[in-house]
Amino acid sequence: MTLQIKKEHRKGKVLLDIYRNRQSQTIVSAYSVRGLPGATVSTPLQWDELESLETPKTFNLRSVPQRVTQEGDPWEAIAAYATPIHTERREASRPVQSPSSPSDQAKTGQKPERASRSRTYKTPEQLEAYSLKRSFEKTPEPPPAPIIGGGSAFVVHRHHASRLHYDLRLEKNGTLKSWAVPKGLPPRPGIKRLAVSVEDHPLEYVNFEGAIPKGEYGGGMMWKFAQGRYEITKEKKDGFYFRLQARELNAEYRAYHTKENQWLLERLDNPQMDWLRDPIEPMLAQLADKLPDSDDYLYEVKWDGIRAMISLDEGQIRINSRRGMDITKRFPELLIPEEAFRATAGLFDGEIVCLESDGRPNFQKVIHRMQQTSEGAIERAKAQHPVVCYLFDCLYLDGRPIVNEPLTRRREWLGDAIKKDCAYRMSEAVEDGTAFFEAVKQMGLEGIMAKNRNSTYAPGKRSPSWLKIKTRQTAECVIIGYTRGKGDREKRFGALHLAQANGPDLKYLGKVGTGFDDLALKSLFAEIEKLPQIKRPIKEKPLDDALSVWIEPTLMCEVEFASITADGLLREPVFLRLRPDLMG
């Protein structure tokens with residue numbers, strides 16, 4: 001960065017413009033419309049967006065509202081990073097006097113002074129309840145100790161003790177006022193959450209994360225779920241309004257006291273994006289022909305099923321396909337929110353599969369399941385071909401989106417949110433990609449996924465952070481015919497019919513229509529034209545039989561394919577080459 005205002009002195013650098021701090025100068029704030037042709041809008045961008053940006057005219061009065069609605073506001077959490085103006089004068093603070101001993105008081109007649117409840121000094125009474133419940137030689141939790149800070153810190157912990165709950169902690173008078181929130185923060189207005197006030201915690205708890213040993217008070221894993229600053233926006237007789245400002249969360253809530261230690265939490269503002277009810281597109285992977293040469297990747301099975309987004313919202317599950325189609329009713333065995341999830345609200349990314357007895361997915365069966373629409377047909381298909389759903393990512397969880405967390409963190413929370421022995425399963429990840437790929441290949445599975453462990457989740461985008469490496473298999477086939485070509489292939493063929501010897505007969509394997517360049521099309525068709533045309537040499541009658549030309553089965557070829565369907569057809573075949581060495 002540079003402060004040099006002249007262009008020749010700041011080439012290749014970003015100008016930090018501090019020169020608008022004058023009475024006669026103006027500045028355009030974020031999302032202001034400029035008075036220029038095209039009505040461009042001052043728009044915050046992610047750094048990686050600058051690489052492909054050709055013109056600022058892309059962001060205008062029409063495009064920016066849609067952009068913010070679909071992708072969110074990059075500056076939504078900017079208030080969490082605000083700092084005080086350094087020119088403000090701070091009042092000189094008087095040093096805290098150490099309380100005199102009783103004997104000194106008796107000598108001087110001095111009355112004991114009450115210790116200050118400032119942020120930098122906490123009385124034993126303030127944290128007595130906290131200290132009495134813990135053995136600090138056994139737990140990693142912080143003991144009470146003085147700390148200096150700004151006075152407006154907050155933290156939300158995801159705490160998996162005997163039961164999963166969340167802890168909301170707000171700094172006040174040198175301690176953290178704390179509430180246990182069993183179901184997490186409310187995701188939108190109109191939803192109320194019970195919050196139970198508990199003992200004050202020391203300020204050091206703002207930065208605490210770790211496992212509290214079993215047998216200790218609150219034993220279990222505690223994660224930092226959100227951390228930043230807060231402000232009281234309105235005081236009420238029965239409670240208060242407050243806004244949380246953090247990188248992870250920017251929202252306003254109301255807390256009101258109902259009875260004894262019980263409170264209710266309610267969100268006041270609508271989130272920019274309703275992750276639980278709006279259509280959210282899944283993140284897509286790029287195709288790779290080999291494993292990445294890096295230790296930053298985790299590896300999973302590439303499940304051969306139906307990609308699905310699973311929304312859990314106030315006890316209701318909705319399932320959308322990759323294209324956004326609602327397929328909830330097609331899979332009734334997946335509509336089990338209480339049996340499956342240790343969460344109240346969540347958006348999960350996964351794959352619905354039908355498994356064979358050997359654990360391999362059957363694509364044809366799960367497609368059959370999705371095609372059933374009547375209640376009776378759905379129940380019959382469910383009994384015949386039950387499904388399971390392998391979950392491999394989480395976009396939203398109990399009150400806030402988590403797409404900007406690293407993959408390892410998202411997977412940690414995902415694994416904690418899925419209950420055991422149900423129709424939902426965690427898609428396991430391993431670190432040894434080479435050995436894993438070989439194992440998957442030997443099992444005849446479709447392939448593996450390589451995911452950068454530090455990557456964020458980019459909805460609807462194809463990202464190099466996710467790579468798919470397929471274990472495609474090859475087969476030696478005989479060409480038994482072809483379909484007449486259309487368009488650019490009008491003078492040659494559209495696809496080749498393939499078969500393999502099955503005793504004295506031929507077993508039909510389907511068609512291959514990809515893998516040909518112009519030279520291959522020309523040379524291959526020249527060989528095909530030399531062969532005599534015959535009647536269909538197989539018992540099966542393909543759907544395009546009337547559009548096909550059948551030839552003497554003498555040409556051999558090699559094709560690559562993903563798997564074999566239950567009908568014995570090659571799935572996703574790609575032509576590789578002719579095999580004259582196999583011809584008689």
# chains A, B, ... in the order shown; residues from 1 in each chain; ligands from 1

$ residues_around --residues "Ser32 of chain A" --least-positions-apart "5" --cutoff "9 Å" --atoms "only C-alpha atoms" --output "MDAnalysis selection string"
chainID A and resid 40:43

$ write_last_selection --atoms "N, CA and C atoms" --output "tab-separated table (two decimals), in the first residue's frame"
chain	number	residue	atom	x	y	z
A	40	THR	N	-23.36	3.44	-12.27
A	40	THR	CA	-22.53	2.49	-11.55
A	40	THR	C	-22.64	2.71	-10.05
A	41	VAL	N	-22.36	1.66	-9.29
A	41	VAL	CA	-22.52	1.68	-7.84
A	41	VAL	C	-21.19	1.35	-7.18
A	42	SER	N	-20.84	2.13	-6.17
A	42	SER	CA	-19.64	1.86	-5.38
A	42	SER	C	-19.86	0.56	-4.61
A	43	THR	N	-19.10	-0.49	-4.97
A	43	THR	CA	-19.40	-1.83	-4.48
A	43	THR	C	-18.19	-2.49	-3.82

$ residues_around --residues "Thr565 of chain A" --least-positions-apart "3" --cutoff "9 Å" --atoms "only C-alpha atoms" --output "ChimeraX atom specification"
/A:362-364,568-571

$ residues_around --residues "Arg369 of chain A" --least-positions-apart "2" --cutoff "8 Å" --atoms "only C-alpha atoms" --output "number ranges by chain"
A: 330-331, 365-367, 371-372, 378, 381-382, 385

$ write_last_selection --atoms "C-alpha atoms" --output "mmCIF file, in the first residue's frame"
data_model
loop_
_atom_site.group_PDB
_atom_site.id
_atom_site.type_symbol
_atom_site.label_atom_id
_atom_site.label_comp_id
_atom_site.auth_asym_id
_atom_site.auth_seq_id
_atom_site.Cartn_x
_atom_site.Cartn_y
_atom_site.Cartn_z
ATOM 1 C CA ARG A 330 -39.508 -38.857 -2.454
ATOM 2 C CA PHE A 331 -37.332 -39.928 0.502
ATOM 3 C CA LYS A 365 -31.784 -47.584 -7.981
ATOM 4 C CA VAL A 366 -31.522 -44.107 -6.491
ATOM 5 C CA ILE A 367 -32.680 -42.574 -9.790
ATOM 6 C CA GLN A 371 -38.704 -40.788 -10.240
ATOM 7 C CA GLN A 372 -41.521 -42.091 -8.046
ATOM 8 C CA ILE A 378 -42.806 -44.030 -3.045
ATOM 9 C CA ALA A 381 -39.694 -48.113 -3.711
ATOM 10 C CA LYS A 382 -38.626 -47.220 -0.173
ATOM 11 C CA HIS A 385 -34.466 -49.729 -2.363
#

$ atom_distance --atom1 "atom CA of Leu347 of chain A" --atom2 "atom CA of Glu431 of chain A"
25.6 Å

$ atom_distance --atom1 "atom CA of Arg579 of chain A" --atom2 "atom CA of Gly513 of chain A"
17.5 Å

$ closest_atom_pairs --of "segment 214-282 of chain A" --to "segment 450-474 of chain A" --cutoff "10 Å" --atoms "only C-alpha atoms" --output "CSV"
residue,atom,partner,partner_atom,distance
A:Ile280,CA,A:Pro459,CA,6.8
A:Glu281,CA,A:Gly460,CA,4.6
A:Pro282,CA,A:Pro459,CA,5.1

$ residues_around --residues "Leu3 of chain A" --least-positions-apart "2" --cutoff "7 Å" --atoms "only C-alpha atoms" --output "compact mmCIF listing (two decimals) with C-alpha atoms, in the first residue's frame"
# COMPACT_ATOMS: atom_id res chain seq x y z
CA ILE A 5 -1.21 10.49 -4.45
CA LEU A 15 -3.59 3.87 -2.60
CA LEU A 16 -4.76 4.41 0.96
CA ASP A 17 -6.57 7.69 0.38

$ closest_residue --among "A:Met222, A:Ala39, A:Ala377, A:Ala77" --to "Glu248 of chain A" --atoms "only C-alpha atoms"
A:Ala77

$ residues_around --residues "segment 535-546 of chain A" --least-positions-apart "2" --cutoff "12 Å" --atoms "only C-alpha atoms" --output "ChimeraX atom specification"
/A:478-484,494-502,504-511,532-533,548-554,567-569

$ write_last_selection --atoms "C-alpha atoms" --output "compact mmCIF listing (two decimals), in the first residue's frame"
# COMPACT_ATOMS: atom_id res chain seq x y z
CA VAL A 478 -16.86 -54.89 -30.49
CA ILE A 479 -18.56 -52.25 -32.64
CA ILE A 480 -21.87 -53.68 -33.86
CA GLY A 481 -23.48 -50.60 -35.38
CA TYR A 482 -24.00 -46.84 -35.23
CA THR A 483 -26.69 -44.19 -35.17
CA ARG A 484 -26.94 -41.78 -38.08
CA GLY A 494 -23.66 -39.96 -34.06
CA ALA A 495 -22.71 -42.78 -31.67
CA LEU A 496 -21.39 -46.33 -31.84
CA HIS A 497 -23.30 -49.37 -30.58
CA LEU A 498 -21.07 -51.60 -28.44
CA ALA A 499 -21.20 -55.23 -27.32
CA GLN A 500 -19.09 -57.95 -25.79
CA ALA A 501 -18.97 -61.68 -26.43
CA ASN A 502 -21.25 -63.67 -24.12
CA PRO A 504 -22.00 -67.65 -28.70
CA ASP A 505 -24.07 -64.46 -28.35
CA LEU A 506 -23.31 -60.77 -27.96
CA LYS A 507 -24.16 -58.82 -24.82
CA TYR A 508 -25.22 -55.25 -25.58
CA LEU A 509 -23.23 -52.60 -23.65
CA GLY A 510 -24.88 -49.41 -24.88
CA LYS A 511 -23.53 -46.54 -26.99
CA PRO A 532 -21.34 -55.16 -44.70
CA GLN A 533 -24.63 -54.06 -43.11
CA SER A 548 -29.45 -47.29 -36.34
CA VAL A 549 -27.33 -49.07 -38.92
CA TRP A 550 -26.06 -52.50 -37.90
CA ILE A 551 -22.73 -53.82 -39.20
CA GLU A 552 -20.74 -57.00 -39.12
CA PRO A 553 -19.21 -57.24 -35.60
CA THR A 554 -15.51 -57.35 -36.42
CA ASP A 567 -28.78 -53.44 -16.78
CA GLY A 568 -25.20 -54.19 -17.77
CA LEU A 569 -24.68 -50.96 -19.72

$ residues_around --residues "Ile352 of chain A" --least-positions-apart "3" --cutoff "9 Å" --atoms "only C-alpha atoms" --output "list in words"
Trp303, Asp304, Gly305, Ile306, Arg307, Ala308, Val366, Val387, Val388, Cys389, Tyr390 and Leu391 of chain A

$ atom_distance --atom1 "atom CA of Val559 of chain A" --atom2 "atom CA of Cys354 of chain A"
26.5 Å

$ select_by_dssp --residues "segment 149-348 of chain A" --states "strand (DSSP E)" --output "number ranges by chain"
A: 153-160, 164-172, 175-181, 192-201, 210-212, 220-236, 239-246, 250-259, 262-267, 284-287, 297-301, 306-313, 316-321, 345-348

$ residues_around --residues "Asp73 of chain A" --least-positions-apart "6" --cutoff "9 Å" --atoms "only C-alpha atoms" --output "list in words"
Pro44, Leu45, Arg67 and Gln272 of chain A

$ closest_residue --among "A:Ala417, A:Leu531, A:Cys422, A:Ile78" --to "Leu335 of chain A" --atoms "only C-alpha atoms"
A:Cys422

$ closest_atom_pairs --of "segment 263-294 of chain A" --to "segment 190-202 of chain A" --cutoff "12 Å" --atoms "only C-alpha atoms" --output "tab-separated table"
residue	atom	partner	partner_atom	distance
A:Trp263	CA	A:Ala195	CA	4.9
A:Leu264	CA	A:Leu194	CA	4.8
A:Leu265	CA	A:Arg193	CA	5.0
A:Glu266	CA	A:Lys192	CA	4.9
A:Arg267	CA	A:Ile191	CA	7.3
A:Leu268	CA	A:Gly190	CA	8.2
A:Asp269	CA	A:Gly190	CA	10.0
A:Asn270	CA	A:Gly190	CA	10.0

$ write_last_selection --atoms "N, CA and C atoms" --output "compact mmCIF listing (two decimals), in the first residue's frame"
# COMPACT_ATOMS: atom_id res chain seq x y z
N TRP A 263 -34.72 -16.48 30.52
CA TRP A 263 -34.87 -15.37 29.60
C TRP A 263 -35.33 -15.91 28.25
N LEU A 264 -35.77 -15.00 27.40
CA LEU A 264 -36.08 -15.35 26.02
C LEU A 264 -35.25 -14.47 25.08
N LEU A 265 -34.73 -15.09 24.03
CA LEU A 265 -33.99 -14.37 22.99
C LEU A 265 -34.80 -14.34 21.72
N GLU A 266 -34.79 -13.18 21.05
CA GLU A 266 -35.51 -13.04 19.78
C GLU A 266 -34.68 -12.17 18.84
N ARG A 267 -34.55 -12.59 17.61
CA ARG A 267 -33.82 -11.78 16.64
C ARG A 267 -34.76 -10.69 16.11
N LEU A 268 -34.22 -9.48 15.93
CA LEU A 268 -35.04 -8.35 15.50
C LEU A 268 -34.94 -8.08 14.02
N ASP A 269 -33.76 -8.23 13.42
CA ASP A 269 -33.58 -7.89 12.01
C ASP A 269 -33.57 -9.14 11.15
N ASN A 270 -34.00 -8.98 9.90
CA ASN A 270 -33.98 -10.09 8.95
C ASN A 270 -32.56 -10.29 8.43

$ closest_residue --among "A:Arg360, A:Glu260, A:Tyr31, A:Asp278" --to "Lys441 of chain A" --atoms "only C-alpha atoms"
A:Arg360

$ decode --residues "segment 339-422 of chain A" --atoms "C-alpha atoms" --output "PDB file, in the first residue's frame"
ATOM      1  CA  GLU A 339     -33.335 -38.960  15.271  1.00  0.00           C
ATOM      2  CA  ALA A 340     -30.673 -37.651  12.896  1.00  0.00           C
ATOM      3  CA  PHE A 341     -29.435 -34.250  14.046  1.00  0.00           C
ATOM      4  CA  ARG A 342     -27.953 -32.697  17.136  1.00  0.00           C
ATOM      5  CA  ALA A 343     -28.997 -29.262  15.889  1.00  0.00           C
ATOM      6  CA  THR A 344     -32.102 -27.093  15.568  1.00  0.00           C
ATOM      7  CA  ALA A 345     -31.262 -25.273  12.334  1.00  0.00           C
ATOM      8  CA  GLY A 346     -28.841 -26.262   9.615  1.00  0.00           C
ATOM      9  CA  LEU A 347     -28.148 -26.483   5.897  1.00  0.00           C
ATOM     10  CA  PHE A 348     -26.203 -29.579   4.890  1.00  0.00           C
ATOM     11  CA  ASP A 349     -24.636 -30.675   1.602  1.00  0.00           C
ATOM     12  CA  GLY A 350     -24.689 -34.373   0.781  1.00  0.00           C
ATOM     13  CA  GLU A 351     -25.389 -37.240  -1.581  1.00  0.00           C
ATOM     14  CA  ILE A 352     -28.394 -39.572  -1.435  1.00  0.00           C
ATOM     15  CA  VAL A 353     -27.417 -43.124  -2.411  1.00  0.00           C
ATOM     16  CA  CYS A 354     -28.762 -46.662  -2.591  1.00  0.00           C
ATOM     17  CA  LEU A 355     -26.178 -49.135  -1.350  1.00  0.00           C
ATOM     18  CA  GLU A 356     -25.659 -52.712  -2.452  1.00  0.00           C
ATOM     19  CA  SER A 357     -24.858 -55.446   0.084  1.00  0.00           C
ATOM     20  CA  ASP A 358     -21.121 -54.883  -0.511  1.00  0.00           C
ATOM     21  CA  GLY A 359     -21.447 -51.171   0.286  1.00  0.00           C
ATOM     22  CA  ARG A 360     -21.175 -49.889  -3.271  1.00  0.00           C
ATOM     23  CA  PRO A 361     -23.713 -47.276  -4.445  1.00  0.00           C
ATOM     24  CA  ASN A 362     -26.223 -48.195  -7.166  1.00  0.00           C
ATOM     25  CA  PHE A 363     -27.031 -45.166  -9.310  1.00  0.00           C
ATOM     26  CA  GLN A 364     -29.930 -46.759 -11.185  1.00  0.00           C
ATOM     27  CA  LYS A 365     -31.784 -47.584  -7.981  1.00  0.00           C
ATOM     28  CA  VAL A 366     -31.522 -44.107  -6.491  1.00  0.00           C
ATOM     29  CA  ILE A 367     -32.680 -42.574  -9.790  1.00  0.00           C
ATOM     30  CA  HIS A 368     -35.636 -44.962  -9.694  1.00  0.00           C
ATOM     31  CA  ARG A 369     -36.406 -43.694  -6.194  1.00  0.00           C
ATOM     32  CA  MET A 370     -36.381 -40.075  -7.304  1.00  0.00           C
ATOM     33  CA  GLN A 371     -38.704 -40.788 -10.240  1.00  0.00           C
ATOM     34  CA  GLN A 372     -41.521 -42.091  -8.046  1.00  0.00           C
ATOM     35  CA  THR A 373     -44.230 -39.508  -7.373  1.00  0.00           C
ATOM     36  CA  SER A 374     -47.349 -41.227  -6.000  1.00  0.00           C
ATOM     37  CA  GLU A 375     -47.537 -42.065  -2.310  1.00  0.00           C
ATOM     38  CA  GLY A 376     -47.955 -45.769  -2.959  1.00  0.00           C
ATOM     39  CA  ALA A 377     -45.071 -45.946  -5.437  1.00  0.00           C
ATOM     40  CA  ILE A 378     -42.806 -44.030  -3.045  1.00  0.00           C
ATOM     41  CA  GLU A 379     -43.557 -46.465  -0.198  1.00  0.00           C
ATOM     42  CA  ARG A 380     -42.972 -49.518  -2.404  1.00  0.00           C
ATOM     43  CA  ALA A 381     -39.694 -48.113  -3.711  1.00  0.00           C
ATOM     44  CA  LYS A 382     -38.626 -47.220  -0.173  1.00  0.00           C
ATOM     45  CA  ALA A 383     -39.155 -50.821   0.964  1.00  0.00           C
ATOM     46  CA  GLN A 384     -37.347 -52.216  -2.082  1.00  0.00           C
ATOM     47  CA  HIS A 385     -34.466 -49.729  -2.363  1.00  0.00           C
ATOM     48  CA  PRO A 386     -33.858 -47.846   0.927  1.00  0.00           C
ATOM     49  CA  VAL A 387     -31.516 -44.879   0.790  1.00  0.00           C
ATOM     50  CA  VAL A 388     -28.942 -43.286   3.052  1.00  0.00           C
ATOM     51  CA  CYS A 389     -27.559 -39.775   2.813  1.00  0.00           C
ATOM     52  CA  TYR A 390     -23.827 -39.140   3.131  1.00  0.00           C
ATOM     53  CA  LEU A 391     -23.251 -35.584   4.375  1.00  0.00           C
ATOM     54  CA  PHE A 392     -19.915 -33.955   3.596  1.00  0.00           C
ATOM     55  CA  ASP A 393     -20.425 -30.266   4.355  1.00  0.00           C
ATOM     56  CA  CYS A 394     -22.423 -27.761   6.396  1.00  0.00           C
ATOM     57  CA  LEU A 395     -23.296 -24.222   5.253  1.00  0.00           C
ATOM     58  CA  TYR A 396     -25.433 -22.953   8.138  1.00  0.00           C
ATOM     59  CA  LEU A 397     -25.747 -24.065  11.747  1.00  0.00           C
ATOM     60  CA  ASP A 398     -27.914 -22.931  14.667  1.00  0.00           C
ATOM     61  CA  GLY A 399     -28.147 -19.219  14.032  1.00  0.00           C
ATOM     62  CA  ARG A 400     -25.378 -18.287  11.629  1.00  0.00           C
ATOM     63  CA  PRO A 401     -23.831 -19.188   8.243  1.00  0.00           C
ATOM     64  CA  ILE A 402     -20.511 -21.028   8.519  1.00  0.00           C
ATOM     65  CA  VAL A 403     -19.518 -21.014   4.817  1.00  0.00           C
ATOM     66  CA  ASN A 404     -16.491 -18.811   5.566  1.00  0.00           C
ATOM     67  CA  GLU A 405     -15.070 -21.204   8.137  1.00  0.00           C
ATOM     68  CA  PRO A 406     -12.299 -23.530   6.872  1.00  0.00           C
ATOM     69  CA  LEU A 407     -13.349 -26.983   5.703  1.00  0.00           C
ATOM     70  CA  THR A 408     -11.826 -28.701   8.731  1.00  0.00           C
ATOM     71  CA  ARG A 409     -13.890 -26.553  11.097  1.00  0.00           C
ATOM     72  CA  ARG A 410     -17.101 -27.109   9.111  1.00  0.00           C
ATOM     73  CA  ARG A 411     -16.505 -30.861   9.089  1.00  0.00           C
ATOM     74  CA  GLU A 412     -15.842 -30.850  12.840  1.00  0.00           C
ATOM     75  CA  TRP A 413     -19.183 -29.208  13.540  1.00  0.00           C
ATOM     76  CA  LEU A 414     -20.915 -31.372  10.940  1.00  0.00           C
ATOM     77  CA  GLY A 415     -19.648 -34.543  12.584  1.00  0.00           C
ATOM     78  CA  ASP A 416     -20.828 -33.292  15.958  1.00  0.00           C
ATOM     79  CA  ALA A 417     -24.273 -32.466  14.561  1.00  0.00           C
ATOM     80  CA  ILE A 418     -25.005 -35.935  13.092  1.00  0.00           C
ATOM     81  CA  LYS A 419     -26.313 -38.591  15.454  1.00  0.00           C
ATOM     82  CA  LYS A 420     -25.168 -42.189  15.090  1.00  0.00           C
ATOM     83  CA  ASP A 421     -27.114 -45.127  13.659  1.00  0.00           C
ATOM     84  CA  CYS A 422     -29.516 -43.255  11.398  1.00  0.00           C
TER      85      CYS A 422
END
